[in-house]
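Here's the structure, in structure tokens; my notes come after.
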Amino acid sequence: MDRSAPWDYPEPLAVGSAPAPEYGSGSLADLLPTLAAGMAVPGMTAAIPELAPADRNCVFLVDGLGWEQIKAHPDEAPYLHALLGSSRGGTGRPLTAGYPATTATSLASVGTGLPPGAHGLPGYTVRNPATGELMNQLRWQPWTAPGVWQPYPTVFQLAHQAGVHAAQVSSPTFQNTPLTKVALSGGTFHGRLTGEERMDLAAEQLAAGDRSLVYTYYAELDGAGHRYGVASDTWRGQLMYVDRLVQRLAEQLPPRSALYVTADHGMVDVPFDEEHRIDFDADWELRAGVALLGGEGRARHVYAVPGAAEDVLTCWREVLGEQFWVASRDEAIEAGWFGPQVDERVYARLGDVIAAARDDVLIIASEREPKESAMVGNHGSMTPAEQFVPLLEVRS
């Protein structure tokens, strides 16, 4: 982009033109409350009207398995592709992940049944208002008390209290992490190393109760996408493996069961050049007035030095406004990016300026975020490739 003539800046994208997630009717946050309502768990609402109740429900969340990626790879994922018409109760439509479309945010939305503005994990990294430091909500660094950061009960906890057999089947690595505690705890956790072991045990756990709510998870597809991209042979190999795992679980479902295959986000490959990767650490215009840079490359929280928020917003709009939706905190809240409302404790965690990518571009930070800046596949924003996630359904 030529910045030599400031009067040549393009008209910035309107904040209201961003396709906000379908909170309340078709987002990840609506999935577990809908399933729990169908099992008569008190206080739960069937927010996704297309889903028919089942006594035993299993959610298999595949990290990084976007709706668009399944559609684009019928040869690698024939079983998943054949299920596309079953998505969202047979409508053949995807869910929306929520904003930002990133793992910590989406897992908290799934487990609590709340949008990011309520559960309070609104990004990969956000400012902790109590300390002024950036908090990495995936790795939980620096440490902060989990129950203070996210005080709401999970749907698994509420289901367990209502007599539903609740269980999580995942990697043993995740058993005692703070993110698991605030997002997915309740009932019993079963750690299994291989995907096959998880599928077999998930089926057993489904059969263990007259009413069951089981969650299982697979992460390696996302890792392959970040490292090699969704156009890579490595990623396609992982997709083939996931396809077999889903079929393995589906063929073991006990009676009166529903299996839902979903994801936390999709992914976009971003080319390695200056046009597509704008380096915050090397850009004096974007750095001016910025105290902290949070979020990730396609979904930035920008924290201004006191008194500079309006200037930072103006500058970011001028520089990035044709490629990113750039909003003030209040504009993003009003547009519904984080849900119908934002809790008071969450408000200051959001950036003074929030930038969501529309094009295949990143705001990297080569010095302060070297590992993240080197990733091929990225996600976080509201484009269909990132935001649309499947809700594939198999019933017994």
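Going through the structure tokens in order, the chains are called A, B, and so on, while each chain numbers its residues from 1 and the ligands are numbered from 1 in the order shown.
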Next on the checklist: Just want the 9 Å neighbourhood of Leu221 of chain A, counted on only C-alpha atoms, with same-chain residues fewer than 5 positions away dropped. Output as number ranges by chain.
Outcome noted: A: 62-65, 226, 234-239, 242
Could you please take those selected residues and save all heavy atoms as a CSV table (one decimal), in the first residue's frame?
```csv
chain,number,residue,atom,x,y,z
A,62,VAL,N,-13.2,-30.7,16.4
A,62,VAL,CA,-11.9,-30.9,15.7
A,62,VAL,C,-11.3,-29.5,15.6
A,62,VAL,O,-11.9,-28.7,14.8
A,62,VAL,CB,-12.1,-31.6,14.4
A,62,VAL,CG1,-10.7,-31.7,13.7
A,62,VAL,CG2,-12.7,-32.9,14.6
A,63,ASP,N,-10.2,-29.2,16.2
A,63,ASP,CA,-9.6,-27.9,16.2
A,63,ASP,C,-9.2,-27.5,14.8
A,63,ASP,O,-8.4,-28.3,14.1
A,63,ASP,CB,-8.4,-27.9,17.1
A,63,ASP,CG,-8.0,-26.5,17.6
A,63,ASP,OD1,-8.0,-25.6,16.7
A,63,ASP,OD2,-7.7,-26.3,18.8
A,64,GLY,N,-9.7,-26.4,14.2
A,64,GLY,CA,-9.4,-26.0,12.9
A,64,GLY,C,-10.1,-26.5,11.7
A,64,GLY,O,-9.8,-26.2,10.6
A,65,LEU,N,-11.2,-27.3,12.0
A,65,LEU,CA,-11.9,-28.0,10.9
A,65,LEU,C,-13.0,-27.0,10.4
A,65,LEU,O,-14.2,-27.2,10.7
A,65,LEU,CB,-12.5,-29.3,11.4
A,65,LEU,CG,-13.3,-30.1,10.3
A,65,LEU,CD1,-12.4,-30.6,9.2
A,65,LEU,CD2,-14.0,-31.3,11.0
A,226,HIS,N,-1.5,-24.4,11.0
A,226,HIS,CA,-0.6,-23.3,11.4
A,226,HIS,C,0.8,-23.4,10.8
A,226,HIS,O,1.4,-22.5,10.3
A,226,HIS,CB,-0.6,-23.2,12.9
A,226,HIS,CG,-1.7,-22.6,13.6
A,226,HIS,ND1,-2.2,-21.3,13.2
A,226,HIS,CD2,-2.6,-23.0,14.6
A,226,HIS,CE1,-3.3,-21.0,13.9
A,226,HIS,NE2,-3.5,-22.0,14.7
A,234,THR,N,0.6,-32.2,4.4
A,234,THR,CA,0.5,-32.5,5.9
A,234,THR,C,-0.9,-32.3,6.4
A,234,THR,O,-1.4,-33.1,7.1
A,234,THR,CB,1.6,-31.8,6.7
A,234,THR,OG1,2.9,-32.0,6.2
A,234,THR,CG2,1.5,-32.2,8.2
A,235,TRP,N,-1.4,-31.1,6.1
A,235,TRP,CA,-2.8,-30.8,6.5
A,235,TRP,C,-3.8,-31.8,5.9
A,235,TRP,O,-4.7,-32.3,6.6
A,235,TRP,CB,-3.1,-29.4,6.2
A,235,TRP,CG,-4.4,-28.9,6.8
A,235,TRP,CD1,-4.6,-28.3,8.0
A,235,TRP,CD2,-5.7,-29.0,6.2
A,235,TRP,NE1,-6.0,-28.1,8.2
A,235,TRP,CE2,-6.7,-28.5,7.1
A,235,TRP,CE3,-6.2,-29.5,4.9
A,235,TRP,CZ2,-8.0,-28.4,6.8
A,235,TRP,CZ3,-7.6,-29.5,4.7
A,235,TRP,CH2,-8.5,-28.9,5.6
A,236,ARG,N,-3.7,-32.0,4.7
A,236,ARG,CA,-4.6,-33.0,4.0
A,236,ARG,C,-4.5,-34.4,4.6
A,236,ARG,O,-5.5,-35.1,4.8
A,236,ARG,CB,-4.4,-33.0,2.5
A,236,ARG,CG,-4.8,-31.7,1.8
A,236,ARG,CD,-4.9,-31.9,0.3
A,236,ARG,NE,-3.7,-32.2,-0.3
A,236,ARG,CZ,-2.9,-31.3,-0.9
A,236,ARG,NH1,-3.3,-30.0,-0.8
A,236,ARG,NH2,-1.7,-31.6,-1.4
A,237,GLY,N,-3.3,-34.8,5.0
A,237,GLY,CA,-3.1,-36.1,5.6
A,237,GLY,C,-3.9,-36.1,7.0
A,237,GLY,O,-4.5,-37.1,7.4
A,238,GLN,N,-3.8,-35.0,7.7
A,238,GLN,CA,-4.5,-34.9,9.0
A,238,GLN,C,-6.0,-35.0,8.8
A,238,GLN,O,-6.7,-35.6,9.6
A,238,GLN,CB,-4.1,-33.6,9.7
A,238,GLN,CG,-2.8,-33.7,10.5
A,238,GLN,CD,-2.9,-34.6,11.7
A,238,GLN,OE1,-4.0,-34.7,12.4
A,238,GLN,NE2,-1.9,-35.4,12.1
A,239,LEU,N,-6.5,-34.3,7.7
A,239,LEU,CA,-7.9,-34.3,7.5
A,239,LEU,C,-8.4,-35.7,7.1
A,239,LEU,O,-9.5,-36.1,7.6
A,239,LEU,CB,-8.2,-33.4,6.3
A,239,LEU,CG,-9.7,-33.3,5.9
A,239,LEU,CD1,-10.5,-32.7,7.0
A,239,LEU,CD2,-9.8,-32.4,4.6
A,242,VAL,N,-8.7,-37.5,10.5
A,242,VAL,CA,-9.9,-37.0,11.2
A,242,VAL,C,-11.2,-37.6,10.6
A,242,VAL,O,-12.1,-38.1,11.3
A,242,VAL,CB,-10.0,-35.5,11.1
A,242,VAL,CG1,-11.4,-35.0,11.5
A,242,VAL,CG2,-9.0,-34.8,12.0
```
Item to check | Spatial neighbours of Pro172 of chain A, max dist 10 Å, only C-alpha atoms, sep filter under 2 positions, as a ChimeraX atom specification | outcome: /A:169-170,174-176,189-193
Which residues of segment 102-130 of chain A have any atom within 7 Å of an atom in segment 285-296 of chain A when counting only C-alpha atoms, and what is the closest pair of atoms for each, with the distance in Å to one decimal? Order the rows by chain and rising number and write it as CSV.
```
residue,atom,partner,partner_atom,distance
A:Gly123,CA,A:Gly295,CA,5.3
A:Tyr124,CA,A:Gly295,CA,5.0
A:Thr125,CA,A:Gly295,CA,4.7
A:Val126,CA,A:Gly294,CA,5.4
```
Go ahead and save the picked residues with N, CA, C and O atoms, as a PDB file, in the first residue's frame.
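Below is the file out35.pdb, written as the result:
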```pdb
ATOM      1  N   GLY A 123     -10.267 -13.248  23.157  1.00  0.00           N
ATOM      2  CA  GLY A 123      -9.149 -13.156  22.246  1.00  0.00           C
ATOM      3  C   GLY A 123      -8.017 -14.079  22.646  1.00  0.00           C
ATOM      4  O   GLY A 123      -8.020 -14.662  23.732  1.00  0.00           O
ATOM      5  N   TYR A 124      -7.038 -14.185  21.771  1.00  0.00           N
ATOM      6  CA  TYR A 124      -5.850 -14.993  22.047  1.00  0.00           C
ATOM      7  C   TYR A 124      -5.053 -14.372  23.193  1.00  0.00           C
ATOM      8  O   TYR A 124      -4.719 -15.034  24.175  1.00  0.00           O
ATOM      9  N   THR A 125      -4.741 -13.079  23.068  1.00  0.00           N
ATOM     10  CA  THR A 125      -4.174 -12.332  24.185  1.00  0.00           C
ATOM     11  C   THR A 125      -4.996 -11.063  24.380  1.00  0.00           C
ATOM     12  O   THR A 125      -5.364 -10.396  23.403  1.00  0.00           O
ATOM     13  N   VAL A 126      -5.294 -10.750  25.628  1.00  0.00           N
ATOM     14  CA  VAL A 126      -6.025  -9.519  25.956  1.00  0.00           C
ATOM     15  C   VAL A 126      -5.401  -8.899  27.207  1.00  0.00           C
ATOM     16  O   VAL A 126      -4.704  -9.567  27.970  1.00  0.00           O
TER      17      VAL A 126
END
```
Next on the checklist: Just list as a VMD selection string whatever in segment 215-341 of chain A DSSP marks as strand (DSSP E).
Outcome noted: chain A and resid 215 to 218 257 to 262 268 to 269 277 to 279 290 to 296 299 to 304 324 to 328
Residues of segment 90-147 of chain A that have any atom at most 9 Å from an atom of segment 28-52 of chain A: could you tabulate them with the shortest-distance atom pair and the distance in Å to one decimal, using only C-alpha atoms, ordered by chain and increasing number, as JSON lines?
```
{"residue": "A:Gly90", "atom": "CA", "partner": "A:Glu50", "partner_atom": "CA", "distance": 7.6}
{"residue": "A:Thr91", "atom": "CA", "partner": "A:Glu50", "partner_atom": "CA", "distance": 7.6}
{"residue": "A:Leu95", "atom": "CA", "partner": "A:Leu28", "partner_atom": "CA", "distance": 6.6}
{"residue": "A:Thr96", "atom": "CA", "partner": "A:Leu28", "partner_atom": "CA", "distance": 6.4}
{"residue": "A:Ala97", "atom": "CA", "partner": "A:Leu28", "partner_atom": "CA", "distance": 5.3}
{"residue": "A:Gly98", "atom": "CA", "partner": "A:Leu28", "partner_atom": "CA", "distance": 6.9}
{"residue": "A:Ser106", "atom": "CA", "partner": "A:Leu28", "partner_atom": "CA", "distance": 7.1}
{"residue": "A:Leu107", "atom": "CA", "partner": "A:Leu28", "partner_atom": "CA", "distance": 8.7}
{"residue": "A:Ala108", "atom": "CA", "partner": "A:Ala29", "partner_atom": "CA", "distance": 8.3}
{"residue": "A:Ser109", "atom": "CA", "partner": "A:Ala29", "partner_atom": "CA", "distance": 4.6}
{"residue": "A:Val110", "atom": "CA", "partner": "A:Ala29", "partner_atom": "CA", "distance": 5.0}
{"residue": "A:Gly111", "atom": "CA", "partner": "A:Leu32", "partner_atom": "CA", "distance": 7.1}
{"residue": "A:Thr112", "atom": "CA", "partner": "A:Ala29", "partner_atom": "CA", "distance": 7.3}
{"residue": "A:Gly113", "atom": "CA", "partner": "A:Ala29", "partner_atom": "CA", "distance": 4.4}
{"residue": "A:Leu114", "atom": "CA", "partner": "A:Ala29", "partner_atom": "CA", "distance": 5.2}
{"residue": "A:Pro115", "atom": "CA", "partner": "A:Ala29", "partner_atom": "CA", "distance": 5.7}
{"residue": "A:Pro116", "atom": "CA", "partner": "A:Ala29", "partner_atom": "CA", "distance": 8.7}
```
Item to check | Shell around segment 367-379 of chain A at 6 Å using only C-alpha atoms, local window under 6 positions removed, as a PyMOL selection string | outcome: chain A and resi 225-229+267-269+386
With C-alpha atoms retained, write the just-selected residues as a compact mmCIF listing (two decimals), in the first residue's frame.
```txt
# COMPACT_ATOMS: atom_id res chain seq x y z
CA GLY A 225 -2.59 -25.83 9.38
CA HIS A 226 -0.65 -23.28 11.40
CA ARG A 227 2.71 -24.82 10.54
CA TYR A 228 2.24 -25.86 6.92
CA GLY A 229 -1.06 -24.31 5.78
CA MET A 267 -8.30 -21.20 8.69
CA VAL A 268 -6.76 -18.99 5.99
CA ASP A 269 -3.30 -19.35 4.43
CA GLU A 386 -12.59 -18.64 9.54
```
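Near Ser86 of chain A, within a cut-off of 12 Å and counting only C-alpha atoms, sit the residues A:Glu50, A:Leu51, A:Tyr79, A:Leu80, A:His81, A:Thr91, A:Gly92, A:Arg93, A:Pro94, A:Ala258, A:Leu259, A:Tyr260, A:Val261, A:Pro390, A:Leu391, A:Leu392, A:Glu393, A:Val394, A:Arg395, with same-chain residues fewer than 5 positions away left out.
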With C-alpha atoms kept, could you save the residues just selected as a PDB file, in the first residue's frame?
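Wrote again.pdb, looks like this:
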```pdb
ATOM      1  CA  GLU A  50     -33.124 -27.051  14.049  1.00  0.00           C
ATOM      2  CA  LEU A  51     -31.711 -29.637  16.478  1.00  0.00           C
ATOM      3  CA  TYR A  79     -17.256 -39.321   5.213  1.00  0.00           C
ATOM      4  CA  LEU A  80     -17.367 -35.744   6.497  1.00  0.00           C
ATOM      5  CA  HIS A  81     -18.266 -34.410   3.068  1.00  0.00           C
ATOM      6  CA  THR A  91     -30.479 -27.579   6.988  1.00  0.00           C
ATOM      7  CA  GLY A  92     -27.046 -28.033   5.429  1.00  0.00           C
ATOM      8  CA  ARG A  93     -25.905 -24.781   7.027  1.00  0.00           C
ATOM      9  CA  PRO A  94     -22.880 -24.078   9.253  1.00  0.00           C
ATOM     10  CA  ALA A 258     -26.634 -37.977  18.503  1.00  0.00           C
ATOM     11  CA  LEU A 259     -23.067 -37.211  17.432  1.00  0.00           C
ATOM     12  CA  TYR A 260     -22.230 -33.636  16.471  1.00  0.00           C
ATOM     13  CA  VAL A 261     -18.945 -32.879  14.716  1.00  0.00           C
ATOM     14  CA  PRO A 390     -19.742 -27.460  10.742  1.00  0.00           C
ATOM     15  CA  LEU A 391     -22.360 -29.084  12.927  1.00  0.00           C
ATOM     16  CA  LEU A 392     -22.413 -32.463  11.209  1.00  0.00           C
ATOM     17  CA  GLU A 393     -24.892 -34.905  12.715  1.00  0.00           C
ATOM     18  CA  VAL A 394     -25.094 -38.700  13.002  1.00  0.00           C
ATOM     19  CA  ARG A 395     -27.898 -40.407  14.962  1.00  0.00           C
TER      20      ARG A 395
END
```
Item to check | Contacts of Glu275 of chain A at 12 Å (only C-alpha atoms; same-chain gap of 2+ positions) as a list in words | outcome: Met1, Asp2, Val270, Pro271, Phe272, Asp273, Arg277, Ile278, Asp279, Leu320, Gln323, Asp359, Asp360, Val361, Leu362, Ile363 and Ile364 of chain A
Next on the checklist: Taking 2 positions as the minimum chain separation for residues in the same chain, which residues sit within 8 Å of Ala356 of chain A when counting only C-alpha atoms? Answer as a PyMOL selection string.
Outcome noted: chain A and resi 298-300+324-326+354+358+380-382
